[in-house]
Amino acid sequence: MFKGILIEKDDAGYRATLRDIEESQLPEGDVTVNVQYSTLNYKDGLAITGKGPVVRKFPLVPGIDLVGTVESSSHEGIAVGDAVVLNGWGVGEGHWGGLAQKARLKGEWLVPLPKAFTPKQAMAIGTAGYTAMLCVLALERHGVTPDKGEILVTGANGGVGSVAVTLLAKLGYTVVASTGRPQEADYLKSLGAADVIDRAQFSAAGRPLAKERWAGAVDTVGSHTLANVCASTRYRGVVTACGLAQGMDFPATVAPFILRGVTLAGVDSVMCPRADRLEAWARLARDLDVGKLDLITHEIALSDAIPAAAELLDGKIRGRVVVDVNR
C-alpha cells in the first residue's frame, strides 16, 4: 500500500481524495519509482478540481512531474537506485502520475536527475521550469539575443513565468514582467525583472498592430494577451507560446506576421523529444540561478495538495509548488 491522490468519476460524481492505494493498482510500465517529490501545476489544478477536461481515464493519480529513485526496472539503461525525473508524456492525464508515493512508468519517459540539482530543486524547476527553458531555447534559435531589446514575460508570477524571468535575466536579457498582481513587483524584480507592468493592457481586444516594443516574448496566457503581444512585437521579433491561462482562443490578425515578420513559436513540453529534454535540463543546470529557487518555491505536504489546487486556479499562489509526497 502507498498513499496517493486518486481521481475518480462515477455515478457519485467527480472527486479527488487522498487515500491508500494497492500497489497492484499501478498501471503497466517497465520502471517502478519510489517518488520523493512532485509538483502542483496549472494542469494538475484543473485535474484535481475537475475544472478542465484534463483527466482522460479513471481512476487516475494526477501529477505531471515527479522525481524519485528507481525501485525496479526492466528497461535497458535504467538501474535500481537511479535518480530520475519525469515531466509530461501524458502522465497525470492518461497515465498515473506523480502525486503519490509510487509510480510505474515507461523507461523512455525518464531522464537522469542532473547532478547540479537535489531532488527538491528538480521539482522546484519541474515542468514549468523545463518549459521556460524550452522557450528560451526557441528565442535563441530564432536569433533573439540580449542586445535585440526587451523580452516580455506574461503571467510572470506563475511557475513558467517566474523561472523564465530568472533564466532570461541571468542570460543578460532585459526582462519586462507582466502580471495581474502588481503587489508582487518587488518579488519579480528580485528574480531579475527590469520592469513590471499590469496585464490589463494586454487582456482585452486590441488593435491588429500596436506600437513596436518587444524583441521577444514568453507567453503563458493565450487569448487576447497573446494576440496583443504579437501586435506589439518588433520587426522580426519572436513570441513563444506555451500556455492558456486566459483562454485557448487566439483572436488575432495576420498583420504582425506578414507586415513585421513576427514569428510565433509554439512550445510543447508534454511530447517534447528526449534529446530536447536533455538539452533543456543541461542548460538549466548551467544557466539557472539555483539561489533564486527558494524565492520561487514553497513546499507543501501531499495532504495539502487538494486545497492548494483550487488556490492555484484562483491565482492565489505565486511561483512553484513542490509537493513532498511522503508527508
# chains A, B, ... in the order shown; residues from 1 in each chain; ligands from 1
$ residues_around --residues "Trp109 of chain A" --least-positions-apart "2" --cutoff "8 Å" --atoms "only C-alpha atoms" --output "list in words"
Leu86, Asn87, Trp89, Leu105, Lys106, Gly107, Val111 and Arg274 of chain A
$ write_last_selection --atoms "all heavy atoms" --output "mmCIF file, in the first residue's frame"
data_model
loop_
_atom_site.group_PDB
_atom_site.id
_atom_site.type_symbol
_atom_site.label_atom_id
_atom_site.label_comp_id
_atom_site.auth_asym_id
_atom_site.auth_seq_id
_atom_site.Cartn_x
_atom_site.Cartn_y
_atom_site.Cartn_z
ATOM 1 N N LEU A 86 10.740 12.916 -14.219
ATOM 2 C CA LEU A 86 9.749 12.806 -15.288
ATOM 3 C C LEU A 86 8.977 14.104 -15.407
ATOM 4 O O LEU A 86 8.568 14.691 -14.403
ATOM 5 C CB LEU A 86 8.776 11.656 -15.029
ATOM 6 C CG LEU A 86 7.705 11.499 -16.125
ATOM 7 C CD1 LEU A 86 7.508 10.051 -16.504
ATOM 8 C CD2 LEU A 86 6.386 12.139 -15.705
ATOM 9 N N ASN A 87 8.774 14.544 -16.643
ATOM 10 C CA ASN A 87 7.918 15.704 -16.958
ATOM 11 C C ASN A 87 7.062 15.355 -18.164
ATOM 12 O O ASN A 87 7.582 15.011 -19.219
ATOM 13 C CB ASN A 87 8.755 16.946 -17.307
ATOM 14 C CG ASN A 87 9.853 17.249 -16.308
ATOM 15 O OD1 ASN A 87 11.016 17.109 -16.623
ATOM 16 N ND2 ASN A 87 9.490 17.663 -15.118
ATOM 17 N N TRP A 89 4.625 13.717 -20.939
ATOM 18 C CA TRP A 89 4.322 12.445 -21.588
ATOM 19 C C TRP A 89 2.891 11.967 -21.322
ATOM 20 O O TRP A 89 2.599 10.786 -21.437
ATOM 21 C CB TRP A 89 5.310 11.348 -21.177
ATOM 22 C CG TRP A 89 6.714 11.536 -21.679
ATOM 23 C CD1 TRP A 89 7.839 11.704 -20.935
ATOM 24 C CD2 TRP A 89 7.149 11.557 -23.041
ATOM 25 N NE1 TRP A 89 8.944 11.840 -21.735
ATOM 26 C CE2 TRP A 89 8.548 11.750 -23.040
ATOM 27 C CE3 TRP A 89 6.484 11.441 -24.282
ATOM 28 C CZ2 TRP A 89 9.306 11.833 -24.210
ATOM 29 C CZ3 TRP A 89 7.241 11.520 -25.439
ATOM 30 C CH2 TRP A 89 8.631 11.715 -25.410
ATOM 31 N N LEU A 105 6.063 3.504 -14.682
ATOM 32 C CA LEU A 105 6.191 4.338 -15.874
ATOM 33 C C LEU A 105 6.961 3.616 -16.972
ATOM 34 O O LEU A 105 7.588 2.571 -16.731
ATOM 35 C CB LEU A 105 6.946 5.628 -15.513
ATOM 36 C CG LEU A 105 6.402 6.395 -14.311
ATOM 37 C CD1 LEU A 105 7.503 7.176 -13.636
ATOM 38 C CD2 LEU A 105 5.258 7.300 -14.738
ATOM 39 N N LYS A 106 6.944 4.198 -18.162
ATOM 40 C CA LYS A 106 7.785 3.718 -19.253
ATOM 41 C C LYS A 106 9.178 4.341 -19.108
ATOM 42 O O LYS A 106 9.307 5.544 -18.913
ATOM 43 C CB LYS A 106 7.181 4.099 -20.598
ATOM 44 C CG LYS A 106 5.877 3.395 -20.914
ATOM 45 C CD LYS A 106 5.387 3.747 -22.308
ATOM 46 C CE LYS A 106 4.089 3.009 -22.642
ATOM 47 N NZ LYS A 106 3.616 3.328 -24.014
ATOM 48 N N GLY A 107 10.189 3.517 -19.249
ATOM 49 C CA GLY A 107 11.549 3.989 -19.047
ATOM 50 C C GLY A 107 11.955 5.098 -19.994
ATOM 51 O O GLY A 107 12.743 5.979 -19.614
ATOM 52 N N VAL A 111 14.349 10.873 -17.472
ATOM 53 C CA VAL A 111 15.694 11.412 -17.704
ATOM 54 C C VAL A 111 16.435 11.383 -16.372
ATOM 55 O O VAL A 111 15.819 11.433 -15.303
ATOM 56 C CB VAL A 111 15.665 12.849 -18.278
ATOM 57 C CG1 VAL A 111 14.968 12.883 -19.623
ATOM 58 C CG2 VAL A 111 15.018 13.828 -17.300
ATOM 59 N N ARG A 274 13.124 13.373 -26.453
ATOM 60 C CA ARG A 274 14.077 13.173 -25.360
ATOM 61 C C ARG A 274 15.329 14.029 -25.528
ATOM 62 O O ARG A 274 15.837 14.588 -24.550
ATOM 63 C CB ARG A 274 14.458 11.684 -25.294
ATOM 64 C CG ARG A 274 15.460 11.358 -24.196
ATOM 65 C CD ARG A 274 15.754 9.863 -24.145
ATOM 66 N NE ARG A 274 16.835 9.546 -23.214
ATOM 67 C CZ ARG A 274 16.701 9.424 -21.914
ATOM 68 N NH1 ARG A 274 15.515 9.599 -21.372
ATOM 69 N NH2 ARG A 274 17.724 9.139 -21.139
#
$ residues_around --residues "segment 95-100 of chain A" --least-positions-apart "5" --cutoff "8 Å" --atoms "only C-alpha atoms" --output "VMD selection string"
chain A and resid 2 to 5 26 to 27 35 37 to 39 57 60 to 66 90 302 323 325
$ select_by_dssp --residues "segment 41-216 of chain A" --states "helix (DSSP H, G or I)" --output "ChimeraX atom specification"
/A:42-49,107-109,119-141,146-148,159-170,182-191,199-201
$ atom_distance --atom1 "atom CA of Thr179 of chain A" --atom2 "atom CA of Val196 of chain A"
7.4 Å
$ residues_around --residues "Leu284 of chain A" --least-positions-apart "4" --cutoff "9 Å" --atoms "only C-alpha atoms" --output "PyMOL selection string"
chain A and resi 125+129-130+133+167+279-280+288-289
$ atom_distance --atom1 "atom CA of Ile300 of chain A" --atom2 "atom CA of Thr17 of chain A"
16.2 Å
$ residues_around --residues "Gly158 of chain A" --least-positions-apart "3" --cutoff "7 Å" --atoms "only C-alpha atoms" --output "list in words"
Gly155, Gly161, Ser162, Arg318 and Gly319 of chain A
$ write_last_selection --atoms "all heavy atoms" --output "mmCIF file, in the first residue's frame"
data_model
loop_
_atom_site.group_PDB
_atom_site.id
_atom_site.type_symbol
_atom_site.label_atom_id
_atom_site.label_comp_id
_atom_site.auth_asym_id
_atom_site.auth_seq_id
_atom_site.Cartn_x
_atom_site.Cartn_y
_atom_site.Cartn_z
ATOM 1 N N GLY A 155 2.105 36.443 -17.453
ATOM 2 C CA GLY A 155 1.841 35.504 -16.358
ATOM 3 C C GLY A 155 3.081 35.298 -15.521
ATOM 4 O O GLY A 155 3.387 34.190 -15.072
ATOM 5 N N GLY A 161 6.391 31.539 -15.741
ATOM 6 C CA GLY A 161 6.805 32.932 -15.796
ATOM 7 C C GLY A 161 7.930 33.259 -14.839
ATOM 8 O O GLY A 161 8.899 33.934 -15.213
ATOM 9 N N SER A 162 7.838 32.767 -13.611
ATOM 10 C CA SER A 162 8.874 33.048 -12.609
ATOM 11 C C SER A 162 10.232 32.510 -13.049
ATOM 12 O O SER A 162 11.258 33.193 -12.936
ATOM 13 C CB SER A 162 8.500 32.440 -11.259
ATOM 14 O OG SER A 162 7.372 33.077 -10.700
ATOM 15 N N ARG A 318 1.888 32.056 -6.037
ATOM 16 C CA ARG A 318 2.898 32.524 -6.967
ATOM 17 C C ARG A 318 4.003 31.476 -7.087
ATOM 18 O O ARG A 318 4.248 30.694 -6.174
ATOM 19 C CB ARG A 318 3.490 33.855 -6.504
ATOM 20 C CG ARG A 318 4.451 33.756 -5.344
ATOM 21 C CD ARG A 318 4.987 35.126 -4.963
ATOM 22 N NE ARG A 318 6.026 35.029 -3.938
ATOM 23 C CZ ARG A 318 6.514 36.080 -3.283
ATOM 24 N NH1 ARG A 318 6.037 37.285 -3.523
ATOM 25 N NH2 ARG A 318 7.465 35.919 -2.388
ATOM 26 N N GLY A 319 4.670 31.506 -8.220
ATOM 27 C CA GLY A 319 5.830 30.647 -8.390
ATOM 28 C C GLY A 319 5.491 29.174 -8.430
ATOM 29 O O GLY A 319 4.467 28.749 -8.972
#
$ residues_around --residues "Val136 of chain A" --least-positions-apart "6" --cutoff "9 Å" --atoms "only C-alpha atoms" --output "number ranges by chain"
A: 164, 167-168, 218, 240
$ write_last_selection --atoms "N, CA and C atoms" --output "PDB file, in the first residue's frame"
ATOM      1  N   ALA A 164      11.099  31.744 -16.158  1.00  0.00           N
ATOM      2  CA  ALA A 164      11.505  32.440 -17.369  1.00  0.00           C
ATOM      3  C   ALA A 164      12.173  33.772 -17.048  1.00  0.00           C
ATOM      4  N   LEU A 167      15.683  32.967 -15.632  1.00  0.00           N
ATOM      5  CA  LEU A 167      16.611  32.491 -16.663  1.00  0.00           C
ATOM      6  C   LEU A 167      17.049  33.622 -17.587  1.00  0.00           C
ATOM      7  N   LEU A 168      16.077  34.361 -18.104  1.00  0.00           N
ATOM      8  CA  LEU A 168      16.386  35.414 -19.075  1.00  0.00           C
ATOM      9  C   LEU A 168      17.265  36.496 -18.456  1.00  0.00           C
ATOM     10  N   VAL A 218       7.777  35.536 -23.886  1.00  0.00           N
ATOM     11  CA  VAL A 218       7.355  34.226 -23.407  1.00  0.00           C
ATOM     12  C   VAL A 218       5.932  34.408 -22.908  1.00  0.00           C
ATOM     13  N   THR A 240       7.137  33.261 -28.076  1.00  0.00           N
ATOM     14  CA  THR A 240       6.966  31.845 -27.768  1.00  0.00           C
ATOM     15  C   THR A 240       5.683  31.677 -26.964  1.00  0.00           C
TER      16      THR A 240
END
$ residues_around --residues "Lys292 of chain A" --least-positions-apart "3" --cutoff "9 Å" --atoms "only C-alpha atoms" --output "ChimeraX atom specification"
/A:163,166,190-191,288-289,295-297
$ select_by_dssp --residues "segment 101-271 of chain A" --states "strand (DSSP E)" --output "PyMOL selection string"
chain A and resi 102-105+111-112+151-153+175-179+195-198+214-219+233-241+263-266
$ write_last_selection --atoms "N, CA and C atoms" --output "short mmCIF file (atom, residue, chain, number, x, y, z; two decimals), in the first residue's frame"
data_model
loop_
_atom_site.label_atom_id
_atom_site.label_comp_id
_atom_site.auth_asym_id
_atom_site.auth_seq_id
_atom_site.Cartn_x
_atom_site.Cartn_y
_atom_site.Cartn_z
N LYS A 102 4.35 6.14 -5.05
CA LYS A 102 4.93 5.24 -6.06
C LYS A 102 4.36 5.57 -7.43
N ALA A 103 5.16 5.28 -8.46
CA ALA A 103 4.70 5.45 -9.84
C ALA A 103 5.30 4.34 -10.69
N ARG A 104 4.51 3.84 -11.63
CA ARG A 104 5.04 2.86 -12.59
C ARG A 104 4.93 3.49 -13.98
N LEU A 105 6.06 3.50 -14.68
CA LEU A 105 6.19 4.34 -15.87
C LEU A 105 6.96 3.62 -16.97
N VAL A 111 14.35 10.87 -17.47
CA VAL A 111 15.69 11.41 -17.70
C VAL A 111 16.43 11.38 -16.37
N PRO A 112 17.77 11.28 -16.43
CA PRO A 112 18.53 11.26 -15.17
C PRO A 112 18.39 12.59 -14.43
N ILE A 151 12.48 41.74 -23.53
CA ILE A 151 11.74 40.49 -23.61
C ILE A 151 10.59 40.56 -22.62
N LEU A 152 9.38 40.32 -23.09
CA LEU A 152 8.20 40.33 -22.23
C LEU A 152 7.90 38.92 -21.75
N VAL A 153 7.58 38.79 -20.47
CA VAL A 153 7.11 37.53 -19.91
C VAL A 153 5.72 37.78 -19.33
N VAL A 175 14.34 42.08 -19.07
CA VAL A 175 13.07 41.38 -18.93
C VAL A 175 12.00 42.32 -18.37
N VAL A 176 10.86 42.34 -19.03
CA VAL A 176 9.69 43.07 -18.53
C VAL A 176 8.65 42.02 -18.13
N ALA A 177 8.21 42.06 -16.89
CA ALA A 177 7.26 41.08 -16.37
C ALA A 177 5.85 41.65 -16.37
N SER A 178 4.91 40.92 -16.94
CA SER A 178 3.51 41.31 -16.94
C SER A 178 2.76 40.46 -15.92
N THR A 179 1.97 41.10 -15.06
CA THR A 179 1.27 40.38 -14.01
C THR A 179 -0.03 41.09 -13.65
N ASP A 195 11.50 45.68 -15.25
CA ASP A 195 10.27 46.46 -15.12
C ASP A 195 9.11 45.51 -14.94
N VAL A 196 8.06 45.98 -14.28
CA VAL A 196 6.85 45.19 -14.06
C VAL A 196 5.66 46.01 -14.52
N ILE A 197 4.82 45.41 -15.38
CA ILE A 197 3.67 46.13 -15.94
C ILE A 197 2.39 45.35 -15.67
N ASP A 198 1.28 46.06 -15.72
CA ASP A 198 -0.03 45.47 -15.45
C ASP A 198 -0.52 44.70 -16.67
N TRP A 214 8.54 44.80 -28.20
CA TRP A 214 9.21 43.60 -27.72
C TRP A 214 10.08 42.96 -28.79
N ALA A 215 11.31 42.64 -28.42
CA ALA A 215 12.17 41.85 -29.30
C ALA A 215 11.78 40.39 -29.24
N GLY A 216 11.21 39.99 -28.12
CA GLY A 216 10.77 38.62 -27.94
C GLY A 216 9.83 38.55 -26.75
N ALA A 217 9.18 37.41 -26.61
CA ALA A 217 8.23 37.24 -25.51
C ALA A 217 8.08 35.77 -25.16
N VAL A 218 7.78 35.54 -23.89
CA VAL A 218 7.35 34.23 -23.41
C VAL A 218 5.93 34.41 -22.91
N ASP A 219 4.97 33.80 -23.61
CA ASP A 219 3.57 33.98 -23.24
C ASP A 219 3.01 32.70 -22.65
N THR A 233 4.97 43.34 -30.96
CA THR A 233 6.33 42.81 -31.11
C THR A 233 7.04 43.50 -32.26
N ARG A 234 8.32 43.74 -32.07
CA ARG A 234 9.10 44.48 -33.05
C ARG A 234 9.34 43.68 -34.33
N TYR A 235 9.78 44.38 -35.35
CA TYR A 235 10.06 43.75 -36.64
C TYR A 235 11.00 42.56 -36.46
N ARG A 236 10.56 41.41 -36.95
CA ARG A 236 11.28 40.14 -36.91
C ARG A 236 11.50 39.64 -35.48
N GLY A 237 10.66 40.08 -34.57
CA GLY A 237 10.71 39.57 -33.22
C GLY A 237 10.09 38.18 -33.12
N VAL A 238 10.22 37.58 -31.96
CA VAL A 238 9.78 36.19 -31.76
C VAL A 238 8.95 36.09 -30.49
N VAL A 239 7.77 35.49 -30.60
CA VAL A 239 6.90 35.24 -29.46
C VAL A 239 6.79 33.74 -29.26
N THR A 240 7.14 33.26 -28.08
CA THR A 240 6.97 31.85 -27.77
C THR A 240 5.68 31.68 -26.96
N ALA A 241 4.86 30.71 -27.36
CA ALA A 241 3.56 30.49 -26.72
C ALA A 241 3.54 29.12 -26.08
N THR A 263 7.59 36.06 -35.67
CA THR A 263 7.49 34.61 -35.57
C THR A 263 6.74 34.23 -34.30
N LEU A 264 5.75 33.38 -34.45
CA LEU A 264 5.04 32.81 -33.30
C LEU A 264 5.49 31.36 -33.18
N ALA A 265 6.23 31.07 -32.13
CA ALA A 265 6.81 29.75 -31.94
C ALA A 265 6.06 29.01 -30.84
N GLY A 266 5.39 27.94 -31.20
CA GLY A 266 4.71 27.13 -30.21
C GLY A 266 5.70 26.26 -29.45
#
$ residues_around --residues "Val70 of chain A" --least-positions-apart "5" --cutoff "9 Å" --atoms "only C-alpha atoms" --output "PyMOL selection string"
chain A and resi 31-35+78-84
$ write_last_selection --atoms "all heavy atoms" --output "mmCIF file, in the first residue's frame"
data_model
loop_
_atom_site.group_PDB
_atom_site.id
_atom_site.type_symbol
_atom_site.label_atom_id
_atom_site.label_comp_id
_atom_site.auth_asym_id
_atom_site.auth_seq_id
_atom_site.Cartn_x
_atom_site.Cartn_y
_atom_site.Cartn_z
ATOM 1 N N VAL A 31 9.328 0.479 -15.393
ATOM 2 C CA VAL A 31 10.108 1.056 -14.301
ATOM 3 C C VAL A 31 9.156 1.463 -13.176
ATOM 4 O O VAL A 31 8.157 2.144 -13.423
ATOM 5 C CB VAL A 31 10.913 2.291 -14.755
ATOM 6 C CG1 VAL A 31 11.698 2.865 -13.579
ATOM 7 C CG2 VAL A 31 11.865 1.948 -15.894
ATOM 8 N N THR A 32 9.471 1.046 -11.959
ATOM 9 C CA THR A 32 8.726 1.494 -10.786
ATOM 10 C C THR A 32 9.613 2.434 -9.994
ATOM 11 O O THR A 32 10.789 2.132 -9.734
ATOM 12 C CB THR A 32 8.302 0.308 -9.909
ATOM 13 O OG1 THR A 32 7.483 -0.581 -10.680
ATOM 14 C CG2 THR A 32 7.511 0.787 -8.699
ATOM 15 N N VAL A 33 9.057 3.585 -9.619
ATOM 16 C CA VAL A 33 9.818 4.645 -8.956
ATOM 17 C C VAL A 33 9.228 4.906 -7.573
ATOM 18 O O VAL A 33 8.006 5.044 -7.429
ATOM 19 C CB VAL A 33 9.795 5.945 -9.791
ATOM 20 C CG1 VAL A 33 10.498 7.084 -9.053
ATOM 21 C CG2 VAL A 33 10.437 5.720 -11.155
ATOM 22 N N ASN A 34 10.100 4.966 -6.586
ATOM 23 C CA ASN A 34 9.715 5.495 -5.283
ATOM 24 C C ASN A 34 9.801 7.013 -5.365
ATOM 25 O O ASN A 34 10.904 7.574 -5.466
ATOM 26 C CB ASN A 34 10.651 4.968 -4.192
ATOM 27 C CG ASN A 34 10.429 3.501 -3.890
ATOM 28 O OD1 ASN A 34 9.290 3.034 -3.835
ATOM 29 N ND2 ASN A 34 11.506 2.754 -3.720
ATOM 30 N N VAL A 35 8.660 7.656 -5.354
ATOM 31 C CA VAL A 35 8.597 9.095 -5.583
ATOM 32 C C VAL A 35 9.009 9.837 -4.308
ATOM 33 O O VAL A 35 8.600 9.479 -3.205
ATOM 34 C CB VAL A 35 7.183 9.521 -6.019
ATOM 35 C CG1 VAL A 35 7.124 11.028 -6.295
ATOM 36 C CG2 VAL A 35 6.752 8.740 -7.269
ATOM 37 N N ILE A 78 18.375 1.802 -17.365
ATOM 38 C CA ILE A 78 17.850 2.326 -16.100
ATOM 39 C C ILE A 78 17.968 1.244 -15.056
ATOM 40 O O ILE A 78 17.425 0.143 -15.214
ATOM 41 C CB ILE A 78 16.390 2.789 -16.241
ATOM 42 C CG1 ILE A 78 16.290 3.939 -17.252
ATOM 43 C CG2 ILE A 78 15.833 3.220 -14.887
ATOM 44 C CD1 ILE A 78 14.883 4.432 -17.482
ATOM 45 N N ALA A 79 18.704 1.548 -13.975
ATOM 46 C CA ALA A 79 19.004 0.554 -12.956
ATOM 47 C C ALA A 79 18.351 0.904 -11.629
ATOM 48 O O ALA A 79 18.046 2.072 -11.353
ATOM 49 C CB ALA A 79 20.517 0.440 -12.770
ATOM 50 N N VAL A 80 18.161 -0.114 -10.822
ATOM 51 C CA VAL A 80 17.655 0.100 -9.460
ATOM 52 C C VAL A 80 18.586 1.069 -8.732
ATOM 53 O O VAL A 80 19.806 0.955 -8.803
ATOM 54 C CB VAL A 80 17.566 -1.241 -8.709
ATOM 55 C CG1 VAL A 80 17.234 -1.015 -7.235
ATOM 56 C CG2 VAL A 80 16.542 -2.155 -9.358
ATOM 57 N N GLY A 81 17.991 2.064 -8.071
ATOM 58 C CA GLY A 81 18.766 3.061 -7.349
ATOM 59 C C GLY A 81 19.032 4.331 -8.124
ATOM 60 O O GLY A 81 19.473 5.331 -7.538
ATOM 61 N N ASP A 82 18.775 4.335 -9.445
ATOM 62 C CA ASP A 82 18.968 5.551 -10.241
ATOM 63 C C ASP A 82 18.008 6.644 -9.794
ATOM 64 O O ASP A 82 16.832 6.381 -9.495
ATOM 65 C CB ASP A 82 18.727 5.274 -11.732
ATOM 66 C CG ASP A 82 19.871 4.528 -12.400
ATOM 67 O OD1 ASP A 82 20.905 4.315 -11.739
ATOM 68 O OD2 ASP A 82 19.727 4.150 -13.589
ATOM 69 N N ALA A 83 18.500 7.871 -9.772
ATOM 70 C CA ALA A 83 17.645 9.035 -9.504
ATOM 71 C C ALA A 83 17.133 9.566 -10.834
ATOM 72 O O ALA A 83 17.930 9.855 -11.741
ATOM 73 C CB ALA A 83 18.427 10.110 -8.764
ATOM 74 N N VAL A 84 15.830 9.674 -10.973
ATOM 75 C CA VAL A 84 15.229 10.017 -12.262
ATOM 76 C C VAL A 84 14.182 11.121 -12.107
ATOM 77 O O VAL A 84 13.614 11.315 -11.031
ATOM 78 C CB VAL A 84 14.572 8.780 -12.933
ATOM 79 C CG1 VAL A 84 15.627 7.764 -13.341
ATOM 80 C CG2 VAL A 84 13.544 8.140 -11.991
#
$ atom_distance --atom1 "atom CA of Arg141 of chain A" --atom2 "atom CA of Pro273 of chain A"
16.6 Å
